[in-house]
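Following: one structure in structure tokens, then a few remarks.
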Amino acid sequence: MSDTTDTAAPKAAPVATPGAPQDPAPPAAAVQPGLLDRALDNLRTRWREIAASARGAVGAPPRTHLPKEDAERLKEQIEACLESRGGEVSARARAAQLGRTYLALDPQGRRNFLVMLARDFDVDRDAVMDAMATFQAAADPVARGHAERALRRALEPPRLRLLTQFNALPEGVKFLVDLRAELMEMARGEPLLQALEDDLKNLLRAWFDVGFLEMHRITWDSPASLLEKLIKYEAVHEISGWQDLKDRLDSDRRCFAFFHPRMPNEPLIFVEVALVQGMSDNVQALLDPSAPVCDPKSADSAIFYSISNAQSGLAGISFGNFLIKRVVDGLATEFPNIKYYATLSPIPGFRRWFERTLDRDGDAVLTNPEAEHIAERLAALEQADDEDGGGGGGATEGGVGAEETPLLARALSRPDWFEDEELQKRLRGPLMRLCVHYLTTAQAPARRSERGGNAPARALDPVAHFHLTNGARMERLNWLADRSTKGLKQACGMMINYRYRLGEIDANHEAYTGEGRIITSSAVRSLGKAGG
């Protein structure tokens, strides 16, 4: 996640192309539109050469929508793969041919392929029952050991063995990562496909264990193809072009990413860091291209301002926490003067929660003095609108419905509310108090694996959950720290610093993951108290 998961998961990308996990920005103008096509064509070419060595494996190519008769022929090829007819080389070639076949199918054909794989290559339940009976009848430890291993083999669906064969192909792991990204979209509400997606997720989780991952720093001297992918995958603050990217890789900036040995040219997750004086409270100032470059050796703070998951097919497989810890360790060695390790993070779920709360509670979320002060300023602004012959916009235009609309909704419906010094000053207290309430008390519904258990509560905000799980504490809430359209839409412009205090990370992690307890600074706690 996202910040991983502020890490946001990118949208599903075409299989075997650079995947796009919390929703990446569209590719900037600097990204060539052929990036995905080049990767896809390269994969097809490499697999064609392997598939050509399969004697008798390739018949007439199936039609792109994969009708039933074509699916039956494909089923025979899958069975041949699983039986390893002709030896390992032939099985590898057949796997390559199957991969090329899948890539050539249209969306309906791909769905038909995956349904066939999920339905016809699932666990043989009769074999499982026989293996269970043998296990229960085993009379001695040796026999029980043999029976247990046989039962374990019977519980492994044949489709899992097929998917494993792709690991041996060039770009095969990337193919499976992108395949899962497509499968996740198709599997919603489809138990048959959900079971296949679970199998693939467990396979990838084993392959992408953090012990296999390599952390590398990305610089302006890194390959252009890799830099191009940073622009595409950035999920928190859109990179506007090559100059913007160059600024983010300057001497007072750092960018680190995790890579997998089987996907050496594809970042899995990357973090962008600014080396600055003091804890940053405004992202526009942090990313200002006209700001002078600082001497990193004079910095006392490392600010993690963007954490982006680059592969949507790895959603739910967490390694962002390990990346942050490795980056902190590396920076502490390189820059011993750094005292503060903190994020400048978005609060992506606040506005949705806030609007639901207003619909339910209306002006009851305000104290009487707050309501009076906001109403007073709104009346002055709406009067000025009427005198100018314009409208304040939104639900209150022309005064219609103004009395029924909650005061905060009326204020935020004004497109320029944050530019009116007096109005935003009166909104600051109640909005920050509500935001602290959201961050510290709003809980996510229990996941499937936690239902019925005693799992601790999880923060509703995904970015908060990510950093709290990693051992950070909520350090400071920043007013109008992101005035971009996205920042205003997500959290009324507010952002938060999560601080990683090296001596407290483990204790904070245990408090949150073990007890559901959120560690906050005194400054955050004071904001959560009602104003007057």
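By convention here, the chains of the structure tokens are called A, B, ... in the order presented, each chain's residues are numbered starting at 1, and ligands are numbered starting at 1 in the order presented.
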*Residues at most 12 Å from Leu477 in chain A, counting only C-alpha atoms, excluding those fewer than 4 positions away in the same chain, as a PyMOL selection string?*
chain A and resi 279-282+343-347+428-429+431-437+439+473+481-482+491+493-499+520-528
Using only N, CA and C atoms, please write the residues we just selected to a file, as an mmCIF file, in the first residue's frame.
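Now in part33.cif:
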```
data_model
loop_
_atom_site.group_PDB
_atom_site.id
_atom_site.type_symbol
_atom_site.label_atom_id
_atom_site.label_comp_id
_atom_site.auth_asym_id
_atom_site.auth_seq_id
_atom_site.Cartn_x
_atom_site.Cartn_y
_atom_site.Cartn_z
ATOM 1 N N MET A 279 10.213 19.271 9.687
ATOM 2 C CA MET A 279 9.183 18.361 9.196
ATOM 3 C C MET A 279 8.246 19.102 8.243
ATOM 4 N N SER A 280 8.181 18.678 7.015
ATOM 5 C CA SER A 280 7.411 19.383 5.972
ATOM 6 C C SER A 280 5.921 19.361 6.288
ATOM 7 N N ASP A 281 5.261 20.500 5.972
ATOM 8 C CA ASP A 281 3.831 20.602 6.226
ATOM 9 C C ASP A 281 3.047 21.031 4.994
ATOM 10 N N ASN A 282 3.714 21.066 3.825
ATOM 11 C CA ASN A 282 3.019 21.482 2.601
ATOM 12 C C ASN A 282 3.654 20.794 1.403
ATOM 13 N N THR A 343 6.582 10.976 7.303
ATOM 14 C CA THR A 343 5.923 11.063 6.001
ATOM 15 C C THR A 343 5.209 12.403 5.896
ATOM 16 N N LEU A 344 4.824 12.741 4.696
ATOM 17 C CA LEU A 344 3.814 13.781 4.469
ATOM 18 C C LEU A 344 2.758 13.079 3.626
ATOM 19 N N SER A 345 1.736 12.586 4.308
ATOM 20 C CA SER A 345 0.832 11.602 3.713
ATOM 21 C C SER A 345 -0.556 12.169 3.431
ATOM 22 N N PRO A 346 -1.174 11.690 2.363
ATOM 23 C CA PRO A 346 -2.580 12.034 2.098
ATOM 24 C C PRO A 346 -3.493 11.300 3.065
ATOM 25 N N ILE A 347 -4.747 11.712 3.082
ATOM 26 C CA ILE A 347 -5.766 11.084 3.934
ATOM 27 C C ILE A 347 -6.922 10.725 2.994
ATOM 28 N N ARG A 428 -11.173 25.694 9.904
ATOM 29 C CA ARG A 428 -9.991 24.929 10.295
ATOM 30 C C ARG A 428 -10.223 24.068 11.541
ATOM 31 N N GLY A 429 -10.739 24.664 12.610
ATOM 32 C CA GLY A 429 -10.909 23.929 13.861
ATOM 33 C C GLY A 429 -11.825 22.722 13.724
ATOM 34 N N LEU A 431 -12.947 21.126 11.006
ATOM 35 C CA LEU A 431 -12.521 20.124 10.041
ATOM 36 C C LEU A 431 -11.335 19.312 10.552
ATOM 37 N N MET A 432 -10.407 19.967 11.216
ATOM 38 C CA MET A 432 -9.265 19.222 11.753
ATOM 39 C C MET A 432 -9.705 18.310 12.888
ATOM 40 N N ARG A 433 -10.652 18.766 13.705
ATOM 41 C CA ARG A 433 -11.155 17.904 14.779
ATOM 42 C C ARG A 433 -11.843 16.666 14.195
ATOM 43 N N LEU A 434 -12.661 16.871 13.172
ATOM 44 C CA LEU A 434 -13.345 15.743 12.539
ATOM 45 C C LEU A 434 -12.356 14.802 11.867
ATOM 46 N N CYS A 435 -11.298 15.361 11.306
ATOM 47 C CA CYS A 435 -10.296 14.534 10.648
ATOM 48 C C CYS A 435 -9.557 13.665 11.669
ATOM 49 N N VAL A 436 -9.220 14.234 12.807
ATOM 50 C CA VAL A 436 -8.582 13.438 13.861
ATOM 51 C C VAL A 436 -9.528 12.335 14.325
ATOM 52 N N HIS A 437 -10.807 12.664 14.448
ATOM 53 C CA HIS A 437 -11.792 11.657 14.848
ATOM 54 C C HIS A 437 -11.830 10.526 13.818
ATOM 55 N N LEU A 439 -9.410 9.615 11.709
ATOM 56 C CA LEU A 439 -8.147 8.871 11.707
ATOM 57 C C LEU A 439 -8.009 7.950 12.910
ATOM 58 N N ARG A 473 3.819 6.716 14.386
ATOM 59 C CA ARG A 473 2.776 7.335 15.195
ATOM 60 C C ARG A 473 2.250 8.552 14.446
ATOM 61 N N ALA A 481 -2.423 21.504 3.459
ATOM 62 C CA ALA A 481 -1.082 21.085 3.051
ATOM 63 C C ALA A 481 -1.032 20.653 1.602
ATOM 64 N N ASP A 482 -2.190 20.398 1.004
ATOM 65 C CA ASP A 482 -2.258 20.012 -0.405
ATOM 66 C C ASP A 482 -3.466 20.705 -1.023
ATOM 67 N N ALA A 491 -9.336 15.183 1.159
ATOM 68 C CA ALA A 491 -9.300 15.487 2.600
ATOM 69 C C ALA A 491 -9.372 16.977 2.874
ATOM 70 N N GLY A 493 -7.827 19.242 1.648
ATOM 71 C CA GLY A 493 -6.475 19.798 1.624
ATOM 72 C C GLY A 493 -5.592 19.382 2.783
ATOM 73 N N MET A 494 -6.110 18.626 3.725
ATOM 74 C CA MET A 494 -5.297 18.251 4.882
ATOM 75 C C MET A 494 -4.382 17.069 4.557
ATOM 76 N N MET A 495 -3.219 17.054 5.187
ATOM 77 C CA MET A 495 -2.283 15.940 5.116
ATOM 78 C C MET A 495 -1.755 15.691 6.524
ATOM 79 N N ILE A 496 -1.128 14.543 6.716
ATOM 80 C CA ILE A 496 -0.651 14.192 8.044
ATOM 81 C C ILE A 496 0.792 13.709 7.983
ATOM 82 N N ASN A 497 1.542 14.035 9.019
ATOM 83 C CA ASN A 497 2.889 13.473 9.195
ATOM 84 C C ASN A 497 2.796 12.248 10.093
ATOM 85 N N TYR A 498 3.206 11.100 9.562
ATOM 86 C CA TYR A 498 3.423 9.914 10.394
ATOM 87 C C TYR A 498 4.912 9.862 10.689
ATOM 88 N N ARG A 499 5.258 9.776 11.964
ATOM 89 C CA ARG A 499 6.671 9.826 12.339
ATOM 90 C C ARG A 499 7.173 8.456 12.761
ATOM 91 N N THR A 520 -0.617 8.398 19.097
ATOM 92 C CA THR A 520 -0.663 9.756 18.556
ATOM 93 C C THR A 520 0.158 10.697 19.432
ATOM 94 N N SER A 521 0.565 11.802 18.838
ATOM 95 C CA SER A 521 1.274 12.835 19.598
ATOM 96 C C SER A 521 0.269 13.658 20.397
ATOM 97 N N SER A 522 0.780 14.435 21.342
ATOM 98 C CA SER A 522 -0.110 15.294 22.135
ATOM 99 C C SER A 522 -0.756 16.359 21.260
ATOM 100 N N ALA A 523 -0.048 16.801 20.217
ATOM 101 C CA ALA A 523 -0.605 17.817 19.316
ATOM 102 C C ALA A 523 -1.821 17.265 18.577
ATOM 103 N N VAL A 524 -1.754 16.019 18.120
ATOM 104 C CA VAL A 524 -2.890 15.414 17.430
ATOM 105 C C VAL A 524 -4.042 15.211 18.412
ATOM 106 N N ARG A 525 -3.728 14.745 19.614
ATOM 107 C CA ARG A 525 -4.793 14.520 20.594
ATOM 108 C C ARG A 525 -5.517 15.821 20.937
ATOM 109 N N SER A 526 -4.771 16.917 21.026
ATOM 110 C CA SER A 526 -5.417 18.193 21.387
ATOM 111 C C SER A 526 -6.351 18.674 20.276
ATOM 112 N N LEU A 527 -6.009 18.364 19.014
ATOM 113 C CA LEU A 527 -6.882 18.753 17.903
ATOM 114 C C LEU A 527 -8.200 17.996 17.937
ATOM 115 N N GLY A 528 -8.186 16.805 18.520
ATOM 116 C CA GLY A 528 -9.396 15.992 18.557
ATOM 117 C C GLY A 528 -10.416 16.451 19.576
#
```
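Our summary of the geometry notes that CA of Gly278 in chain A is positioned 28.6 Å from CA of Trp417 in chain A.
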*Among listed residues A:Glu197, A:Glu83, A:Glu272, A:Glu372, nearest Asn309 in chain A (using only C-alpha atoms)*: A:Glu272
_Who sits within 10 Å of range 158-165 of chain A, only C-alpha atoms, same chain under 2 positions skipped, as a PyMOL selection string_ = chain A and resi 78-79+81-82+88+91-96+117-124+153-156+167-169+172-173+176+196+199-200+202-204
*Got a sec to tell me which of range 276-365 of chain A DSSP assigns to helix (DSSP H, G or I), as a ChimeraX atom specification?*
/A:283-286,296-298,312-314,320-334,350-365
Grab the residues selected above and save them as a short mmCIF file (atom, residue, chain, number, x, y, z; two decimals), in the first residue's frame with C-alpha atoms.
```cif
data_model
loop_
_atom_site.label_atom_id
_atom_site.label_comp_id
_atom_site.auth_asym_id
_atom_site.auth_seq_id
_atom_site.Cartn_x
_atom_site.Cartn_y
_atom_site.Cartn_z
CA VAL A 283 3.42 19.25 -0.42
CA GLN A 284 3.34 22.07 -2.98
CA ALA A 285 6.32 23.68 -1.22
CA LEU A 286 8.06 20.34 -1.04
CA PRO A 296 21.56 16.97 1.92
CA LYS A 297 24.29 16.86 4.56
CA SER A 298 22.64 19.80 6.34
CA SER A 312 -1.61 -4.29 -9.08
CA GLY A 313 -1.24 -8.06 -9.41
CA LEU A 314 0.65 -8.06 -6.09
CA GLY A 320 6.14 -1.74 1.81
CA ASN A 321 6.93 -1.89 5.53
CA PHE A 322 10.21 -3.67 4.84
CA LEU A 323 11.11 -1.09 2.20
CA ILE A 324 10.63 1.79 4.64
CA LYS A 325 12.77 0.07 7.29
CA ARG A 326 15.57 -0.59 4.82
CA VAL A 327 15.45 2.99 3.54
CA VAL A 328 15.60 4.36 7.10
CA ASP A 329 18.58 2.14 7.87
CA GLY A 330 20.36 3.25 4.71
CA LEU A 331 19.69 6.96 5.25
CA ALA A 332 20.78 6.77 8.90
CA THR A 333 24.12 5.43 7.73
CA GLU A 334 24.55 7.93 4.89
CA PHE A 350 -11.61 11.38 4.92
CA ARG A 351 -13.93 13.25 2.56
CA ARG A 352 -16.14 10.19 1.91
CA TRP A 353 -16.44 9.49 5.64
CA PHE A 354 -17.01 13.18 6.36
CA GLU A 355 -19.86 13.47 3.85
CA ARG A 356 -21.57 10.38 5.27
CA THR A 357 -21.20 11.85 8.75
CA LEU A 358 -22.74 15.15 7.64
CA ASP A 359 -25.64 13.35 5.99
CA ARG A 360 -26.31 11.59 9.30
CA ASP A 361 -25.57 14.30 11.88
CA GLY A 362 -25.80 17.60 10.02
CA ASP A 363 -24.79 20.67 12.04
CA ALA A 364 -24.61 18.59 15.23
CA VAL A 365 -20.94 17.98 14.40
#
```
*Can you list, as an NGL selection string, all residues belonging to range 137-363 of chain A that DSSP tags as strand (DSSP E)?*
:A and (214-217 or 253-259 or 269-276 or 301-309 or 340-343)
_Which residues are close to Leu378 in chain A, i.e. within 9 Å by only C-alpha atoms, leaving aside same-chain residues fewer than 4 positions away? Reply as number ranges by chain._
A: 373-374, 382-383, 407, 410-411, 423
_Pick from A:Gly487, A:Gly109, A:Pro430, A:Pro456, whichever lies nearest to Leu408 in chain A using only C-alpha atoms_ =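 Closest to Leu408 in chain A of all the choices is A:Pro430.
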_Residues within 10 Å of Ile519 in chain A, please, as an MDAnalysis selection string. Count only C-alpha atoms; anything in the same chain fewer than 6 positions from it doesn't count._
chainID A and resid 440 468 471:475 507:509 511:512 525
Could you save those same residues with C-alpha atoms as a PDB file, in the first residue's frame?
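The resulting again-v4.pdb:
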```pdb
ATOM      1  CA  THR A 440      -8.269   7.613  15.279  1.00  0.00           C
ATOM      2  CA  LEU A 468       0.495   2.338  11.900  1.00  0.00           C
ATOM      3  CA  GLY A 471       5.216   1.258  13.713  1.00  0.00           C
ATOM      4  CA  ALA A 472       4.733   4.959  13.002  1.00  0.00           C
ATOM      5  CA  ARG A 473       2.776   7.335  15.195  1.00  0.00           C
ATOM      6  CA  MET A 474       0.432  10.130  14.140  1.00  0.00           C
ATOM      7  CA  GLU A 475       2.633  13.163  14.671  1.00  0.00           C
ATOM      8  CA  ALA A 507       6.327  -0.916  20.482  1.00  0.00           C
ATOM      9  CA  ASN A 508       4.002   1.132  18.244  1.00  0.00           C
ATOM     10  CA  HIS A 509       3.655  -1.789  15.848  1.00  0.00           C
ATOM     11  CA  ALA A 511       0.234  -1.688  20.164  1.00  0.00           C
ATOM     12  CA  TYR A 512      -1.607  -1.329  16.858  1.00  0.00           C
ATOM     13  CA  ARG A 525      -4.793  14.520  20.594  1.00  0.00           C
TER      14      ARG A 525
END
```
*Atomic separation - CA of Ala291 in chain A relative to CA of Asp420 in chain A, Å*: 25.7 Å
*Smallest atom-to-atom distance to Glu266 in chain A: which of A:Glu422, A:Asp178, A:Asp209, A:Asp252, using only C-alpha atoms?*
A:Asp178
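The coordinates place CA of Ala206 in chain A at 26.7 Å from CA of Pro445 in chain A.
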*Which neighbours of Val273 in chain A fall inside 6 Å, counting only C-alpha atoms, when residues of the same chain fewer than 2 positions from it are skipped, and could you give them as a PyMOL selection string?*
chain A and resi 253-254+303-304
